[in-house]
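So the structure is just underneath, and the comments pick up after that.
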Amino acid sequence: MPAYQQIVQQTKQALRLGVLMPGDRLPTAKEVAETCAVNPNTTLKAYRELEREGLAEPRPGLGTFIRRSLARPQAGADSPLRGELEAWMTRAREAGLEREDVAALVASVLEERYAHTTAAAGTTESLETRGTSE
């Protein structure tokens, strides 16, 4: 996966988990370049993608800021679902599963359960993105 897409995905994950909230300022391209060893243009490309999706907005002279959240209460740090997932992860580790085993198992079940909604979600997301940028 290209570095700019990794930045986009990490930002979206932070938005889903409530780590980033509307109004938060993203690090500058220079700051990201220094901490992640990527070209500043890579970060700028990622920020343009986030802007295109309506998630971030540049403010000249101030930086790039988060416009909206992707967080859902059901996925928060204190949600019952997270607690159940943590308990399951503990059982998986105690059963001898390695990180890669757990990742493969989760990815497999995720694909099975959400395969039919992925295409529909992508279409909805595209329509929402178009609606926010026009």
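In the structure tokens, the first chain shown is A, the next is B, and so on; residue numbers restart at 1 for each chain, and ligands run from 1 in the order shown.
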
Worksheet entry | Ala14 of chain A environment, 12 Å, only C-alpha atoms, sequence neighbours closer than 4 positions dropped, as an MDAnalysis selection string | chainID A and resid 7:10 18:22 24 26 55 66 68:72 75:77

Next, write the just-selected residues to a file, as a CSV table (one decimal), in the first residue's frame, keeping N, CA, C and O atoms as the atom set.
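Below is the file result-v8.csv, written as the result:
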```csv
chain,number,residue,atom,x,y,z
A,7,ILE,N,-1.2,6.8,5.4
A,7,ILE,CA,-1.5,7.9,6.3
A,7,ILE,C,-3.0,8.2,6.3
A,7,ILE,O,-3.6,8.4,7.4
A,8,VAL,N,-3.7,8.0,5.2
A,8,VAL,CA,-5.2,8.2,5.1
A,8,VAL,C,-5.8,7.2,6.0
A,8,VAL,O,-6.7,7.5,6.8
A,9,GLN,N,-5.4,5.9,5.9
A,9,GLN,CA,-6.0,4.8,6.7
A,9,GLN,C,-5.8,5.0,8.2
A,9,GLN,O,-6.7,4.8,9.0
A,10,GLN,N,-4.6,5.4,8.5
A,10,GLN,CA,-4.3,5.7,9.9
A,10,GLN,C,-5.1,6.8,10.5
A,10,GLN,O,-5.6,6.8,11.6
A,18,GLY,N,-12.0,7.8,17.8
A,18,GLY,CA,-12.2,9.0,18.6
A,18,GLY,C,-10.9,9.6,19.1
A,18,GLY,O,-10.9,10.5,19.9
A,19,VAL,N,-9.8,9.2,18.5
A,19,VAL,CA,-8.5,9.8,18.9
A,19,VAL,C,-8.4,11.2,18.3
A,19,VAL,O,-7.9,12.1,18.9
A,20,LEU,N,-8.9,11.3,17.1
A,20,LEU,CA,-9.0,12.6,16.4
A,20,LEU,C,-10.4,13.1,16.4
A,20,LEU,O,-11.3,12.2,16.1
A,21,MET,N,-10.7,14.3,16.7
A,21,MET,CA,-12.0,14.9,16.7
A,21,MET,C,-12.1,16.1,15.8
A,21,MET,O,-11.1,16.8,15.6
A,22,PRO,N,-13.3,16.5,15.4
A,22,PRO,CA,-13.4,17.8,14.7
A,22,PRO,C,-12.8,18.9,15.4
A,22,PRO,O,-12.9,19.1,16.6
A,24,ASP,N,-9.5,19.3,15.6
A,24,ASP,CA,-8.1,18.9,15.8
A,24,ASP,C,-7.2,19.2,14.6
A,24,ASP,O,-7.6,19.1,13.5
A,26,LEU,N,-4.0,18.5,12.3
A,26,LEU,CA,-3.2,17.5,11.9
A,26,LEU,C,-1.7,18.0,11.9
A,26,LEU,O,-1.5,19.2,11.8
A,55,LEU,N,-13.2,14.9,5.2
A,55,LEU,CA,-12.7,14.6,6.6
A,55,LEU,C,-11.8,15.7,7.2
A,55,LEU,O,-11.7,15.9,8.4
A,66,ILE,N,-9.3,18.7,11.2
A,66,ILE,CA,-10.3,17.6,11.1
A,66,ILE,C,-11.7,18.3,11.0
A,66,ILE,O,-12.0,19.2,11.8
A,68,ARG,N,-14.8,16.4,10.4
A,68,ARG,CA,-15.8,15.5,11.0
A,68,ARG,C,-15.3,14.2,11.5
A,68,ARG,O,-14.2,13.8,11.1
A,69,SER,N,-16.0,13.6,12.4
A,69,SER,CA,-15.5,12.4,13.0
A,69,SER,C,-16.1,11.2,12.3
A,69,SER,O,-17.2,11.3,11.7
A,70,LEU,N,-15.5,10.1,12.5
A,70,LEU,CA,-16.0,8.8,12.1
A,70,LEU,C,-16.4,7.9,13.3
A,70,LEU,O,-16.8,6.8,13.1
A,71,ALA,N,-16.2,8.5,14.5
A,71,ALA,CA,-16.4,7.7,15.7
A,71,ALA,C,-17.9,7.3,15.9
A,71,ALA,O,-18.8,8.1,15.6
A,72,ARG,N,-18.1,6.1,16.4
A,72,ARG,CA,-19.4,5.7,16.7
A,72,ARG,C,-19.3,5.2,18.2
A,72,ARG,O,-18.4,4.5,18.6
A,75,ALA,N,-18.2,1.7,19.1
A,75,ALA,CA,-16.8,1.3,18.9
A,75,ALA,C,-15.9,2.0,19.8
A,75,ALA,O,-14.7,1.9,19.7
A,76,GLY,N,-16.4,2.8,20.8
A,76,GLY,CA,-15.6,3.5,21.7
A,76,GLY,C,-14.7,2.7,22.6
A,76,GLY,O,-15.0,1.5,22.8
A,77,ALA,N,-13.8,3.3,23.2
A,77,ALA,CA,-12.9,2.6,24.2
A,77,ALA,C,-13.6,2.0,25.3
A,77,ALA,O,-13.1,1.0,25.9
```

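Taking only C-alpha atoms, the non-local environment of segment 31-48 of chain A within 9 Å (same-chain residues fewer than 2 positions away omitted) comprises Ala3, Tyr4, Gln5, Gln6, Ile7, Val8, Leu26, Pro27, Thr28, Ala29, Leu50, Glu51, Arg52, Glu53, Ala56, Glu57, Pro58 and Thr64 of chain A.
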
Discussion item. For segment 86-91 of chain A, find every residue with an atom within 8 Å (counting only C-alpha atoms), except residues of its own chain fewer than 4 positions away, and show them as number ranges by chain.
Written reply: A: 82, 95, 102

Could you save those same residues with N, CA, C and O atoms as a short mmCIF file (atom, residue, chain, number, x, y, z; two decimals), in the first residue's frame?
```
data_model
loop_
_atom_site.label_atom_id
_atom_site.label_comp_id
_atom_site.auth_asym_id
_atom_site.auth_seq_id
_atom_site.Cartn_x
_atom_site.Cartn_y
_atom_site.Cartn_z
N ARG A 82 -16.08 -3.53 22.66
CA ARG A 82 -14.62 -3.53 22.80
C ARG A 82 -14.20 -4.46 23.94
O ARG A 82 -13.23 -5.21 23.82
N ALA A 95 -4.73 -19.42 24.02
CA ALA A 95 -4.83 -20.63 23.22
C ALA A 95 -3.59 -20.84 22.35
O ALA A 95 -3.49 -21.83 21.63
N VAL A 102 -4.15 -14.32 14.72
CA VAL A 102 -5.34 -13.56 15.11
C VAL A 102 -5.75 -12.62 13.97
O VAL A 102 -6.92 -12.53 13.62
#
```

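Every residue of chain A with a DSSP assignment of strand (DSSP E or B), taken from the backbone, is listed as Arg25, Ala56, Glu57, Pro58, Arg59, Gly63, Thr64, Phe65 and Ile66 of chain A.
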
Generate the output file for the selected residues, N, CA, C and O atoms, as an mmCIF file, in the first residue's frame.
```cif
data_model
loop_
_atom_site.group_PDB
_atom_site.id
_atom_site.type_symbol
_atom_site.label_atom_id
_atom_site.label_comp_id
_atom_site.auth_asym_id
_atom_site.auth_seq_id
_atom_site.Cartn_x
_atom_site.Cartn_y
_atom_site.Cartn_z
ATOM 1 N N ARG A 25 -6.041 19.743 14.935
ATOM 2 C CA ARG A 25 -5.080 20.086 13.881
ATOM 3 C C ARG A 25 -4.200 18.876 13.608
ATOM 4 O O ARG A 25 -3.685 18.250 14.525
ATOM 5 N N ALA A 56 -11.114 16.432 6.279
ATOM 6 C CA ALA A 56 -10.165 17.447 6.733
ATOM 7 C C ALA A 56 -10.302 18.686 5.866
ATOM 8 O O ALA A 56 -10.843 18.625 4.768
ATOM 9 N N GLU A 57 -9.813 19.798 6.409
ATOM 10 C CA GLU A 57 -9.833 21.038 5.635
ATOM 11 C C GLU A 57 -8.579 21.851 5.934
ATOM 12 O O GLU A 57 -8.172 21.978 7.091
ATOM 13 N N PRO A 58 -7.955 22.364 4.867
ATOM 14 C CA PRO A 58 -6.788 23.221 5.084
ATOM 15 C C PRO A 58 -7.251 24.625 5.470
ATOM 16 O O PRO A 58 -8.279 25.108 4.978
ATOM 17 N N ARG A 59 -6.523 25.220 6.376
ATOM 18 C CA ARG A 59 -6.767 26.609 6.750
ATOM 19 C C ARG A 59 -5.461 27.346 6.500
ATOM 20 O O ARG A 59 -4.497 27.171 7.255
ATOM 21 N N GLY A 63 -2.824 25.482 9.114
ATOM 22 C CA GLY A 63 -2.616 24.039 9.030
ATOM 23 C C GLY A 63 -3.831 23.325 8.484
ATOM 24 O O GLY A 63 -4.740 23.934 7.923
ATOM 25 N N THR A 64 -3.866 22.021 8.666
ATOM 26 C CA THR A 64 -4.973 21.182 8.210
ATOM 27 C C THR A 64 -5.710 20.669 9.439
ATOM 28 O O THR A 64 -5.090 20.170 10.382
ATOM 29 N N PHE A 65 -7.028 20.805 9.415
ATOM 30 C CA PHE A 65 -7.850 20.474 10.570
ATOM 31 C C PHE A 65 -8.912 19.434 10.224
ATOM 32 O O PHE A 65 -9.390 19.372 9.090
ATOM 33 N N ILE A 66 -9.273 18.656 11.216
ATOM 34 C CA ILE A 66 -10.307 17.639 11.059
ATOM 35 C C ILE A 66 -11.667 18.331 10.967
ATOM 36 O O ILE A 66 -11.982 19.203 11.785
#
```

Discussion item. So that I can check the secondary structure, give me every residue of segment 43-120 of chain A assigned alpha helix (DSSP H) by backbone DSSP, as a PyMOL selection string.
Written reply: chain A and resi 43-52+80-94+99-120
